[in-house]
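Asker: Enclosed is the structure file upload32.tsv (TSV, C-alpha atoms).
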```tsv
chain	number	residue	atom	x	y	z
D	1	MET	CA	-84.76	9.78	-70.20
D	2	ALA	CA	-87.30	10.97	-72.71
D	3	LYS	CA	-86.53	14.53	-73.67
D	4	SER	CA	-89.27	17.05	-74.18
D	5	VAL	CA	-90.09	18.01	-77.74
D	6	VAL	CA	-88.52	21.44	-77.27
D	7	GLN	CA	-85.30	19.87	-76.04
D	8	GLU	CA	-85.04	17.71	-79.18
D	9	PHE	CA	-84.84	20.94	-81.12
D	10	THR	CA	-82.65	23.05	-78.84
D	11	LYS	CA	-80.00	20.40	-78.18
D	12	GLY	CA	-78.71	20.99	-81.71
D	13	LEU	CA	-78.15	24.64	-80.92
D	14	TRP	CA	-75.89	24.24	-77.89
D	15	ALA	CA	-75.58	20.88	-76.13
D	16	GLU	CA	-74.80	18.89	-79.29
D	17	ILE	CA	-73.95	21.67	-81.71
D	18	PRO	CA	-71.97	20.36	-84.66
D	19	PRO	CA	-69.10	20.48	-85.32
D	20	PHE	CA	-68.03	21.61	-81.85
D	21	ARG	CA	-69.74	19.11	-79.58
D	22	LEU	CA	-70.36	16.55	-82.29
D	23	VAL	CA	-66.98	16.44	-83.99
D	24	LEU	CA	-68.35	15.31	-87.35
D	25	GLY	CA	-68.57	16.76	-90.82
D	26	LEU	CA	-65.42	18.82	-90.59
D	27	CYS	CA	-64.58	18.94	-94.27
D	28	PRO	CA	-67.26	21.39	-95.42
D	29	VAL	CA	-66.73	23.39	-92.22
D	30	LEU	CA	-63.10	23.97	-93.08
D	31	ALA	CA	-63.51	24.29	-96.80
D	32	VAL	CA	-66.42	26.63	-97.44
D	33	THR	CA	-66.01	29.15	-94.63
D	34	LYS	CA	-63.91	31.54	-96.67
D	35	SER	CA	-66.87	33.86	-96.90
D	36	VAL	CA	-70.08	34.23	-94.89
D	37	GLU	CA	-72.16	33.75	-98.01
D	38	ASN	CA	-70.65	30.32	-98.71
D	39	GLY	CA	-71.03	29.35	-95.05
D	40	ILE	CA	-74.73	30.17	-94.95
D	41	GLY	CA	-75.36	28.55	-98.34
D	42	MET	CA	-73.67	25.34	-97.26
D	43	GLY	CA	-75.49	25.38	-93.92
D	44	VAL	CA	-78.91	25.77	-95.52
D	45	ALA	CA	-78.21	23.04	-98.09
D	46	THR	CA	-77.07	20.64	-95.36
D	47	THR	CA	-80.07	21.49	-93.18
D	48	PHE	CA	-82.45	20.69	-96.02
D	49	VAL	CA	-80.83	17.30	-96.64
D	50	LEU	CA	-80.70	16.56	-92.91
D	51	VAL	CA	-84.38	17.34	-92.30
D	52	CYS	CA	-85.66	15.50	-95.38
D	53	SER	CA	-83.54	12.39	-94.86
D	54	ASN	CA	-84.38	12.27	-91.14
D	55	VAL	CA	-88.10	12.42	-91.88
D	56	LEU	CA	-88.01	9.83	-94.65
D	57	ILE	CA	-85.81	7.42	-92.73
D	58	SER	CA	-87.93	7.61	-89.61
D	59	LEU	CA	-91.05	7.01	-91.74
D	60	PHE	CA	-89.49	3.87	-93.20
D	61	GLN	CA	-87.76	2.65	-90.06
D	62	ASN	CA	-89.90	-0.48	-89.87
D	63	VAL	CA	-89.63	-1.27	-93.58
D	64	ILE	CA	-85.86	-1.01	-93.99
D	65	PRO	CA	-84.15	-4.35	-93.27
D	66	LYS	CA	-81.55	-4.10	-90.50
D	67	LYS	CA	-78.74	-5.65	-92.50
D	68	VAL	CA	-78.76	-3.27	-95.43
D	69	ARG	CA	-79.83	-0.18	-93.51
D	70	ILE	CA	-76.67	1.84	-94.14
D	71	ALA	CA	-76.97	1.32	-97.90
D	72	CYS	CA	-80.63	2.39	-97.76
D	73	TYR	CA	-79.75	5.52	-95.78
D	74	ILE	CA	-77.08	6.44	-98.29
D	75	VAL	CA	-79.51	6.10	-101.20
D	76	VAL	CA	-82.07	8.30	-99.43
D	77	ILE	CA	-79.44	10.92	-98.58
D	78	ALA	CA	-77.93	10.86	-102.07
D	79	THR	CA	-81.37	11.44	-103.57
D	80	PHE	CA	-81.93	14.58	-101.52
D	81	VAL	CA	-78.41	15.80	-102.25
D	82	THR	CA	-79.09	15.42	-105.97
D	83	ILE	CA	-82.27	17.48	-105.51
D	84	VAL	CA	-80.32	20.23	-103.71
D	85	GLU	CA	-77.64	20.13	-106.39
D	86	LEU	CA	-80.13	20.59	-109.22
D	87	VAL	CA	-82.10	23.30	-107.40
D	88	MET	CA	-78.97	25.28	-106.60
D	89	GLN	CA	-77.72	24.92	-110.15
D	90	ALA	CA	-81.00	26.37	-111.38
D	91	PHE	CA	-81.55	29.22	-108.93
D	92	THR	CA	-78.24	30.18	-107.30
D	93	TYR	CA	-75.74	29.31	-109.99
D	94	GLU	CA	-72.88	31.50	-108.70
D	95	LEU	CA	-73.08	30.05	-105.21
D	96	PHE	CA	-73.24	26.59	-106.78
D	97	LEU	CA	-69.97	27.28	-108.60
D	98	LYS	CA	-68.30	28.63	-105.45
D	99	LEU	CA	-69.25	25.62	-103.34
D	100	GLY	CA	-68.13	23.28	-106.16
D	101	ILE	CA	-67.65	19.65	-105.21
D	102	PHE	CA	-68.74	20.29	-101.63
D	103	ILE	CA	-72.40	20.15	-102.63
D	104	PRO	CA	-72.23	16.52	-103.86
D	105	LEU	CA	-70.02	15.79	-100.86
D	106	ILE	CA	-72.94	16.41	-98.48
D	107	VAL	CA	-73.67	12.74	-99.23
D	108	VAL	CA	-70.61	11.71	-97.25
D	109	ASN	CA	-71.04	14.34	-94.54
D	110	CYS	CA	-70.94	12.20	-91.43
D	111	ILE	CA	-73.44	14.43	-89.61
D	112	VAL	CA	-76.26	13.44	-91.95
D	113	LEU	CA	-75.55	9.71	-91.84
D	114	GLY	CA	-74.81	9.94	-88.13
D	115	ARG	CA	-78.20	11.47	-87.30
D	116	ALA	CA	-79.98	8.94	-89.54
D	117	GLU	CA	-78.35	6.02	-87.77
D	118	ALA	CA	-78.32	7.39	-84.22
D	119	PHE	CA	-81.64	9.22	-84.13
D	120	ALA	CA	-84.05	8.93	-87.06
D	121	ALA	CA	-83.94	5.13	-87.13
D	122	LYS	CA	-85.20	4.94	-83.54
D	123	ASN	CA	-87.57	7.88	-83.11
D	124	ASN	CA	-90.91	9.00	-84.53
D	125	VAL	CA	-91.32	11.40	-87.43
D	126	GLY	CA	-92.01	14.56	-85.43
D	127	ARG	CA	-88.99	14.16	-83.21
D	128	SER	CA	-86.74	13.28	-86.14
D	129	LEU	CA	-87.89	16.40	-87.96
D	130	LEU	CA	-87.07	18.60	-84.96
D	131	ASP	CA	-83.76	16.85	-84.41
D	132	GLY	CA	-82.77	17.38	-88.04
D	133	LEU	CA	-83.86	21.00	-87.94
D	134	GLY	CA	-82.04	21.71	-84.67
D	135	ILE	CA	-78.78	20.08	-85.72
D	136	GLY	CA	-79.03	21.71	-89.15
D	137	ILE	CA	-79.53	25.19	-87.72
D	138	GLY	CA	-76.74	24.61	-85.22
D	139	PHE	CA	-74.46	23.57	-88.09
D	140	THR	CA	-75.43	26.69	-90.05
D	141	LEU	CA	-74.72	28.89	-87.02
D	142	SER	CA	-71.26	27.38	-86.51
D	143	LEU	CA	-70.42	27.75	-90.19
D	144	THR	CA	-71.57	31.37	-90.17
D	145	LEU	CA	-69.62	32.19	-87.02
D	146	LEU	CA	-66.41	30.62	-88.30
D	147	ALA	CA	-66.87	32.31	-91.67
D	148	LEU	CA	-67.42	35.68	-89.95
D	149	PHE	CA	-64.05	35.41	-88.19
D	150	ARG	CA	-62.20	34.16	-91.22
D	151	GLU	CA	-63.64	36.55	-93.76
D	152	ALA	CA	-63.45	39.63	-91.54
D	153	LEU	CA	-59.78	39.02	-90.71
D	154	GLY	CA	-58.72	37.41	-93.96
D	155	SER	CA	-60.18	39.78	-96.51
D	156	GLY	CA	-61.70	42.55	-94.41
D	157	THR	CA	-65.18	42.07	-95.84
D	158	ILE	CA	-68.44	40.36	-95.01
D	159	THR	CA	-70.37	38.86	-97.90
D	160	LEU	CA	-74.04	38.24	-97.26
D	161	PRO	CA	-76.12	36.08	-99.58
D	162	SER	CA	-78.56	37.96	-101.77
D	163	LEU	CA	-81.30	36.72	-104.04
D	164	SER	CA	-79.61	38.00	-107.18
D	165	GLY	CA	-76.94	35.36	-106.56
D	166	ALA	CA	-73.83	37.54	-106.57
D	167	GLY	CA	-73.78	38.28	-102.84
D	168	THR	CA	-73.67	41.68	-101.15
D	169	VAL	CA	-70.18	42.68	-100.01
D	170	PHE	CA	-69.66	44.92	-96.98
D	171	SER	CA	-66.21	46.37	-96.45
D	172	LEU	CA	-65.30	46.55	-92.78
D	173	PHE	CA	-62.07	48.38	-92.19
D	174	GLY	CA	-61.64	50.91	-94.99
D	175	PRO	CA	-59.03	51.12	-97.74
D	176	SER	CA	-55.88	51.07	-95.57
D	177	PHE	CA	-56.64	47.57	-94.24
D	178	GLN	CA	-53.98	44.93	-94.86
D	179	PRO	CA	-55.71	41.54	-95.23
D	180	PHE	CA	-54.48	38.77	-92.94
D	181	GLY	CA	-54.29	36.22	-95.75
D	182	PHE	CA	-53.43	33.33	-93.43
D	183	MET	CA	-57.07	33.15	-92.25
D	184	ILE	CA	-58.45	32.57	-95.75
D	185	GLU	CA	-55.99	29.78	-96.56
D	186	ALA	CA	-56.13	26.19	-95.35
D	187	PRO	CA	-53.86	26.58	-92.26
D	188	GLY	CA	-56.01	29.43	-90.95
D	189	ALA	CA	-59.11	27.25	-91.18
D	190	PHE	CA	-57.60	24.57	-88.95
D	191	VAL	CA	-56.18	26.99	-86.40
D	192	CYS	CA	-59.33	29.12	-86.26
D	193	LEU	CA	-61.58	26.09	-85.74
D	194	GLY	CA	-59.21	24.74	-83.08
D	195	LEU	CA	-59.25	28.01	-81.16
D	196	MET	CA	-63.05	28.26	-81.41
D	197	LEU	CA	-63.34	24.74	-80.03
D	198	CYS	CA	-61.07	25.81	-77.18
D	199	GLY	CA	-63.35	28.81	-76.53
D	200	MET	CA	-66.41	26.53	-76.48
D	201	ASN	CA	-64.69	24.24	-73.98
D	202	MET	CA	-63.91	27.17	-71.70
D	203	LEU	CA	-67.51	28.38	-71.80
D	204	GLY	CA	-68.88	24.89	-71.27
D	205	LYS	CA	-66.76	24.18	-68.20
D	206	LYS	CA	-68.72	26.50	-65.90
J	207	MET	CA	-44.14	11.18	-119.04
J	208	GLY	CA	-43.05	14.51	-117.55
J	209	ASP	CA	-46.65	15.63	-117.27
J	210	ILE	CA	-47.57	12.57	-115.29
J	211	PHE	CA	-44.71	13.17	-112.88
J	212	VAL	CA	-45.82	16.77	-112.38
J	213	LEU	CA	-49.39	15.60	-111.81
J	214	ALA	CA	-48.26	13.09	-109.20
J	215	ILE	CA	-46.14	15.61	-107.31
J	216	SER	CA	-48.85	18.24	-107.38
J	217	CYS	CA	-51.43	15.75	-106.06
J	218	ILE	CA	-49.20	14.48	-103.27
J	219	PHE	CA	-47.73	17.75	-102.04
J	220	VAL	CA	-49.10	20.92	-103.57
J	221	ASN	CA	-52.78	20.00	-103.54
J	222	ASN	CA	-52.52	17.61	-100.61
J	223	ILE	CA	-55.99	16.20	-100.14
J	224	LEU	CA	-56.09	16.67	-96.36
J	225	LEU	CA	-54.18	19.84	-95.79
J	226	ALA	CA	-54.90	21.90	-98.90
J	227	GLN	CA	-58.22	20.55	-100.21
J	228	TYR	CA	-59.79	19.92	-96.80
J	229	LEU	CA	-61.12	16.49	-97.71
J	230	GLY	CA	-61.15	13.46	-95.41
J	231	ASN	CA	-60.75	15.38	-92.19
J	232	CYS	CA	-62.99	13.18	-90.05
J	233	PRO	CA	-60.71	10.12	-90.23
J	234	PHE	CA	-57.74	12.49	-90.11
J	235	LEU	CA	-58.69	13.60	-86.60
J	236	GLY	CA	-60.39	10.35	-85.64
J	237	VAL	CA	-57.72	7.71	-86.29
J	238	SER	CA	-54.58	9.80	-85.89
J	239	LYS	CA	-54.16	9.28	-82.16
J	240	LYS	CA	-52.08	6.15	-82.64
J	241	MET	CA	-49.45	5.35	-85.22
J	242	GLU	CA	-50.78	1.83	-85.83
J	243	THR	CA	-54.34	2.87	-86.68
J	244	ALA	CA	-53.06	5.73	-88.81
J	245	THR	CA	-50.92	3.38	-90.88
J	246	GLY	CA	-53.83	0.94	-91.26
J	247	MET	CA	-56.17	3.68	-92.40
J	248	ALA	CA	-53.59	5.08	-94.83
J	249	MET	CA	-53.12	1.67	-96.46
J	250	ALA	CA	-56.86	1.04	-96.68
J	251	VAL	CA	-57.43	4.43	-98.32
J	252	ILE	CA	-54.69	3.88	-100.91
J	253	PHE	CA	-56.11	0.44	-101.70
J	254	VAL	CA	-59.72	1.57	-102.09
J	255	LEU	CA	-59.12	4.96	-103.66
J	256	VAL	CA	-57.20	3.61	-106.67
J	257	MET	CA	-59.96	1.11	-107.39
J	258	ALA	CA	-62.75	3.61	-106.75
J	259	GLY	CA	-61.03	6.17	-108.98
J	260	ALA	CA	-60.81	3.69	-111.82
J	261	ILE	CA	-64.34	2.35	-111.50
J	262	THR	CA	-66.06	5.71	-111.12
J	263	TRP	CA	-64.13	7.03	-114.12
J	264	LEU	CA	-65.34	4.07	-116.20
J	265	THR	CA	-68.89	4.52	-114.90
J	266	SER	CA	-68.84	8.15	-115.84
J	267	ALA	CA	-67.28	7.69	-119.27
J	268	TYR	CA	-69.18	4.61	-120.46
J	269	ILE	CA	-72.52	4.75	-118.64
J	270	LEU	CA	-73.38	8.27	-117.49
J	271	LYS	CA	-72.05	10.37	-120.37
J	272	PRO	CA	-73.25	8.35	-123.41
J	273	PHE	CA	-76.79	8.22	-122.03
J	274	GLY	CA	-76.88	11.80	-120.71
J	275	PHE	CA	-77.28	10.76	-117.06
J	276	GLU	CA	-74.69	13.19	-115.64
J	277	TYR	CA	-77.16	14.52	-113.11
J	278	LEU	CA	-77.13	11.10	-111.45
J	279	GLN	CA	-73.38	11.38	-110.82
J	280	THR	CA	-73.63	11.85	-107.05
J	281	LEU	CA	-76.07	8.99	-106.57
J	282	SER	CA	-74.24	6.54	-108.81
J	283	PHE	CA	-70.76	7.33	-107.45
J	284	ILE	CA	-71.74	6.80	-103.82
J	285	LEU	CA	-73.45	3.52	-104.70
J	286	VAL	CA	-70.44	2.34	-106.69
J	287	ILE	CA	-68.10	3.23	-103.83
J	288	ALA	CA	-70.29	1.60	-101.19
J	289	ALA	CA	-70.62	-1.57	-103.26
J	290	LEU	CA	-66.90	-1.61	-104.00
J	291	VAL	CA	-65.98	-1.29	-100.33
J	292	GLN	CA	-68.35	-4.10	-99.40
J	293	PHE	CA	-66.97	-6.28	-102.17
J	294	VAL	CA	-63.35	-5.59	-101.25
J	295	GLU	CA	-64.13	-6.46	-97.65
J	296	MET	CA	-65.69	-9.81	-98.58
J	297	PHE	CA	-62.91	-10.62	-101.04
J	298	LEU	CA	-60.16	-9.87	-98.54
J	299	ARG	CA	-61.81	-11.86	-95.76
J	300	LYS	CA	-62.05	-14.89	-98.02
J	301	SER	CA	-58.75	-14.77	-99.91
J	302	ILE	CA	-56.17	-12.68	-98.05
J	303	PRO	CA	-56.99	-13.00	-94.34
J	304	GLY	CA	-53.66	-11.45	-93.34
J	305	LEU	CA	-54.40	-8.21	-95.15
J	306	TYR	CA	-57.99	-8.30	-93.91
J	307	ALA	CA	-56.83	-8.47	-90.31
J	308	GLY	CA	-54.80	-5.32	-90.89
J	309	LEU	CA	-57.29	-3.28	-92.88
J	310	GLY	CA	-60.60	-4.88	-91.81
J	311	ILE	CA	-61.98	-2.40	-89.34
J	312	PHE	CA	-61.07	0.60	-91.48
J	313	LEU	CA	-62.82	-0.56	-94.63
J	314	PRO	CA	-66.44	0.21	-93.61
J	315	LEU	CA	-65.34	3.69	-92.50
J	316	ILE	CA	-64.06	4.44	-95.98
J	317	THR	CA	-67.50	4.60	-97.57
J	318	THR	CA	-68.17	7.85	-95.73
J	319	ASN	CA	-64.64	9.16	-96.15
J	320	CYS	CA	-65.10	12.25	-98.26
J	321	ALA	CA	-61.55	11.96	-99.60
J	322	VAL	CA	-62.60	8.93	-101.68
J	323	MET	CA	-65.75	10.50	-103.08
J	324	GLY	CA	-63.97	13.85	-103.43
J	325	VAL	CA	-61.13	12.48	-105.53
J	326	CYS	CA	-63.57	10.63	-107.79
J	327	LEU	CA	-65.44	13.89	-108.36
J	328	ILE	CA	-62.21	15.85	-108.93
J	329	ASN	CA	-61.12	13.30	-111.55
J	330	ILE	CA	-64.29	13.95	-113.52
J	331	LYS	CA	-64.25	17.70	-112.97
J	332	GLU	CA	-60.67	18.11	-114.18
J	333	GLU	CA	-61.45	15.92	-117.21
J	334	TYR	CA	-58.50	13.59	-116.68
J	335	ASP	CA	-58.13	10.67	-119.07
J	336	PHE	CA	-58.06	7.15	-117.64
J	337	ILE	CA	-54.31	6.98	-116.96
J	338	GLU	CA	-54.24	10.45	-115.44
J	339	ALA	CA	-57.22	9.57	-113.25
J	340	LEU	CA	-55.40	6.47	-112.01
J	341	ILE	CA	-52.23	8.42	-111.26
J	342	ALA	CA	-54.16	11.23	-109.59
J	343	SER	CA	-56.14	8.77	-107.42
J	344	PHE	CA	-52.99	7.00	-106.30
J	345	SER	CA	-51.13	10.25	-105.64
J	346	TYR	CA	-53.97	11.83	-103.69
J	347	ALA	CA	-54.20	8.66	-101.61
J	348	ALA	CA	-50.45	8.66	-101.05
J	349	GLY	CA	-50.66	12.29	-99.98
J	350	PHE	CA	-53.46	11.36	-97.59
J	351	GLY	CA	-51.33	8.59	-96.11
J	352	LEU	CA	-48.28	10.83	-95.82
J	353	ALA	CA	-50.17	13.59	-94.02
J	354	LEU	CA	-51.99	11.12	-91.77
J	355	ILE	CA	-48.82	9.35	-90.67
J	356	LEU	CA	-46.94	12.62	-90.12
J	357	PHE	CA	-49.85	13.93	-88.08
J	358	ALA	CA	-50.07	10.74	-86.02
J	359	ALA	CA	-46.41	11.18	-85.09
J	360	VAL	CA	-47.12	14.77	-84.02
J	361	ARG	CA	-50.11	13.69	-81.95
J	362	GLU	CA	-48.17	10.98	-80.15
J	363	ARG	CA	-45.75	13.68	-79.05
J	364	ILE	CA	-48.58	15.99	-77.96
J	365	LEU	CA	-49.83	13.26	-75.62
J	366	LEU	CA	-46.62	13.57	-73.64
J	367	SER	CA	-46.76	17.33	-73.27
J	368	ASN	CA	-48.71	19.45	-70.86
J	369	VAL	CA	-51.62	20.97	-72.80
J	370	PRO	CA	-53.95	23.55	-71.14
J	371	LYS	CA	-57.27	21.97	-70.24
J	372	PRO	CA	-59.65	23.72	-72.69
J	373	LEU	CA	-57.27	23.05	-75.57
J	374	GLN	CA	-56.98	19.33	-74.98
J	375	ASP	CA	-57.81	16.58	-77.50
J	376	THR	CA	-59.50	17.74	-80.71
J	377	SER	CA	-58.78	21.40	-80.15
J	378	ILE	CA	-54.99	21.08	-79.95
J	379	GLY	CA	-55.27	18.50	-82.74
J	380	LEU	CA	-56.82	21.08	-85.04
J	381	VAL	CA	-54.27	23.75	-84.15
J	382	SER	CA	-51.37	21.39	-84.82
J	383	ALA	CA	-53.04	20.26	-88.06
J	384	GLY	CA	-53.00	23.96	-88.96
J	385	MET	CA	-49.25	24.09	-88.37
J	386	LEU	CA	-48.72	20.98	-90.50
J	387	SER	CA	-50.90	22.54	-93.17
J	388	LEU	CA	-48.75	25.67	-93.03
J	389	ALA	CA	-45.72	23.48	-93.75
J	390	PHE	CA	-47.45	21.94	-96.77
J	391	PHE	CA	-48.55	25.40	-97.83
J	392	ALA	CA	-44.91	26.12	-98.68
J	393	PHE	CA	-45.14	23.57	-101.52
J	394	LYS	CA	-47.42	26.02	-103.34
J	395	GLY	CA	-44.23	27.79	-104.39
J	396	MET	CA	-43.26	24.74	-106.48
J	397	ALA	CA	-46.33	24.85	-108.67
```
As structure tokens, please, write out the structure in this file.

Answerer:
Amino acid sequence: MAKSVVQEFTKGLWAEIPPFRLVLGLCPVLAVTKSVENGIGMGVATTFVLVCSNVLISLFQNVIPKKVRIACYIVVIATFVTIVELVMQAFTYELFLKLGIFIPLIVVNCIVLGRAEAFAAKNNVGRSLLDGLGIGIGFTLSLTLLALFREALGSGTITLPSLSGAGTVFSLFGPSFQPFGFMIEAPGAFVCLGLMLCGMNMLGKK
Amino acid sequence: MGDIFVLAISCIFVNNILLAQYLGNCPFLGVSKKMETATGMAMAVIFVLVMAGAITWLTSAYILKPFGFEYLQTLSFILVIAALVQFVEMFLRKSIPGLYAGLGIFLPLITTNCAVMGVCLINIKEEYDFIEALIASFSYAAGFGLALILFAAVRERILLSNVPKPLQDTSIGLVSAGMLSLAFFAFKGMA
């Protein structure tokens, strides 16, 4: 039953990778994956919140009264989200503007609350840290992968985050490329994620 | 008056909260397998969102802004919404048991529904006045309900058809949500 410490970390990367195996937190996945830069930025921000809230909640698991635990979790998560919001506003202002309301919406990302309730409240600090880190990195990977598909097909570029804040743009197909605008818009996000989920299911069946 | 009508239409159709703004997708996929649950969820969202929109607007205008506490927006909004949902639940159970029986199980889920929080944040970001915020909240919620109920009808049909194994369940759900979103995308021409 008890998983090894390594497994706590690696399960987030394949066996329980969000949002494919853990169908939670779809809104940021669909909304910010218009460019790779946004995807990575969102992934890193979510990972930070996930790790910090997991650690704090597992530290306080004996102090928090059972009946008001959800409210306590939300306050803890909201605090870390506010920290992320202020830090991003100060250091990566352009990315902060691009992600818009999806930064404060990490508060209601079901992955974060889900891990707090299902894992951090029952396990020790070390394991909760690894669990948060694993799930967070898995989430970042999925966002990046989806963003790669959508940006490459939808605008023919790949934008990587850079420290200056503007993002480095690589053009993929040369000047004669006709962008497949469908992928960048909302319908493309749904269809692309659906097809990726289908691909994951096919791989997982073996 | 005309402006308010335009705002309502644009919030329901053009900027549909689920299919164009990508908010509230977890309940969208989670409760849309049956018509009954979809209708219940839609009603609960309309009910809570209008109240949450009003209260967060008041919080922002009369507490956060005068004292320069805007950076606490995220924290205060989520607390207000969580408290509101809890309060609504208790009030309904006590006074209107019929409505509670219908909406009851959906109410706790609404706290973590990003459509509610999202609309409250949009109201502040777009600098709507109080009436506009109320109209926008109601219209976004109505758009949510419309899309959810339409999608539930689609999903009930999908159940009857023969879907390839890897595509089953959430996967085909997402692809058909994409098609529905494409239909709503056409409303962009109206704006």

Asker: Return the neighbours of chain D among the residues of chain J, cut-off 8 Å, counting all atoms listed in the file, as a PDB file with C-alpha atoms, in the coordinates of the input.

Answerer:
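Full text of selection-v1.pdb as output:
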```pdb
ATOM      1  CA  LEU J 225     -54.180  19.840 -95.790  1.00  0.00           C
ATOM      2  CA  ALA J 226     -54.900  21.900 -98.900  1.00  0.00           C
ATOM      3  CA  GLN J 227     -58.220  20.550-100.210  1.00  0.00           C
ATOM      4  CA  TYR J 228     -59.790  19.920 -96.800  1.00  0.00           C
ATOM      5  CA  LEU J 229     -61.120  16.490 -97.710  1.00  0.00           C
ATOM      6  CA  GLY J 230     -61.150  13.460 -95.410  1.00  0.00           C
ATOM      7  CA  ASN J 231     -60.750  15.380 -92.190  1.00  0.00           C
ATOM      8  CA  CYS J 232     -62.990  13.180 -90.050  1.00  0.00           C
ATOM      9  CA  TYR J 277     -77.160  14.520-113.110  1.00  0.00           C
ATOM     10  CA  LEU J 278     -77.130  11.100-111.450  1.00  0.00           C
ATOM     11  CA  THR J 280     -73.630  11.850-107.050  1.00  0.00           C
ATOM     12  CA  LEU J 281     -76.070   8.990-106.570  1.00  0.00           C
ATOM     13  CA  ILE J 284     -71.740   6.800-103.820  1.00  0.00           C
ATOM     14  CA  LEU J 285     -73.450   3.520-104.700  1.00  0.00           C
ATOM     15  CA  ALA J 288     -70.290   1.600-101.190  1.00  0.00           C
ATOM     16  CA  THR J 317     -67.500   4.600 -97.570  1.00  0.00           C
ATOM     17  CA  THR J 318     -68.170   7.850 -95.730  1.00  0.00           C
ATOM     18  CA  ASN J 319     -64.640   9.160 -96.150  1.00  0.00           C
ATOM     19  CA  CYS J 320     -65.100  12.250 -98.260  1.00  0.00           C
ATOM     20  CA  MET J 323     -65.750  10.500-103.080  1.00  0.00           C
ATOM     21  CA  GLY J 324     -63.970  13.850-103.430  1.00  0.00           C
ATOM     22  CA  LEU J 327     -65.440  13.890-108.360  1.00  0.00           C
ATOM     23  CA  ILE J 328     -62.210  15.850-108.930  1.00  0.00           C
ATOM     24  CA  PRO J 372     -59.650  23.720 -72.690  1.00  0.00           C
ATOM     25  CA  LEU J 373     -57.270  23.050 -75.570  1.00  0.00           C
ATOM     26  CA  GLN J 374     -56.980  19.330 -74.980  1.00  0.00           C
ATOM     27  CA  THR J 376     -59.500  17.740 -80.710  1.00  0.00           C
ATOM     28  CA  SER J 377     -58.780  21.400 -80.150  1.00  0.00           C
ATOM     29  CA  ILE J 378     -54.990  21.080 -79.950  1.00  0.00           C
ATOM     30  CA  GLY J 379     -55.270  18.500 -82.740  1.00  0.00           C
ATOM     31  CA  LEU J 380     -56.820  21.080 -85.040  1.00  0.00           C
ATOM     32  CA  VAL J 381     -54.270  23.750 -84.150  1.00  0.00           C
ATOM     33  CA  SER J 382     -51.370  21.390 -84.820  1.00  0.00           C
ATOM     34  CA  ALA J 383     -53.040  20.260 -88.060  1.00  0.00           C
ATOM     35  CA  GLY J 384     -53.000  23.960 -88.960  1.00  0.00           C
ATOM     36  CA  MET J 385     -49.250  24.090 -88.370  1.00  0.00           C
ATOM     37  CA  LEU J 386     -48.720  20.980 -90.500  1.00  0.00           C
ATOM     38  CA  SER J 387     -50.900  22.540 -93.170  1.00  0.00           C
ATOM     39  CA  LEU J 388     -48.750  25.670 -93.030  1.00  0.00           C
ATOM     40  CA  PHE J 391     -48.550  25.400 -97.830  1.00  0.00           C
TER      41      PHE J 391
END
```

Asker: Could you name the residues that touch stretch 167-175 of chain D at 7 Å or less, counting all atoms listed in the file, but leaving out those on the same chain fewer than 4 positions away, as a count of residues only?

Answerer: 8

Asker: Rounded to one decimal in Å, what is the spacing between atom CA of D:Phe60 and atom CA of D:Gly43?

Answerer: 25.7 Å

Asker: Between atom CA of J:Ala307 and atom CA of J:Leu290, what is the distance in Å, rounded to a tenth?

Answerer: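 Separation of atom CA of J:Ala307 and atom CA of J:Leu290: 18.3 Å.
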
Asker: Can you tell me which residues surround stretch 51-57 of chain D at a distance of at most 10 Å, considering only C-alpha atoms, apart from same-chain residues fewer than 6 positions away, and format the answer as number ranges by chain?

Answerer: D: 63-64, 69, 72-81, 112-113, 115-117, 119-136

Asker: In Å, rounded to a single decimal, give me how far atom CA of J:Val256 is from atom CA of J:Phe344.

Answerer: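 Separation between atom CA of J:Phe344 and atom CA of J:Val256: 5.4 Å.
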
Asker: Could you list, as a list in words, every residue within 9 Å of D:Phe139, counting all atoms listed in the file and ignoring same-chain residues fewer than 6 positions away?

Answerer: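 Selected residues are Gly12, Leu13, Ile17, Pro18, Pro19, Val29, Gly43, Val44, Thr46 and Thr47 of chain D.
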
Asker: May I have the centre and edge lengths, in Å to one decimal, of an axis-aligned box around the listed atoms of stretch 294-300 of chain J with 3 Å added to every side, as JSON?

Answerer:
```
{"center_x": -62.9, "center_y": -10.2, "center_z": -98.5, "size_x": 11.5, "size_y": 15.3, "size_z": 11.5}
```

Asker: Just the residues within 12 Å of stretch 236-246 of chain J, please, counting all atoms listed in the file, with nothing from its chain fewer than 5 positions along; format it as a PyMOL selection string.

Answerer: (chain D and resi 23-26) or (chain J and resi 230-231+251-253+305-313+315-316+319+348+350-365+375-376+379-380+383)
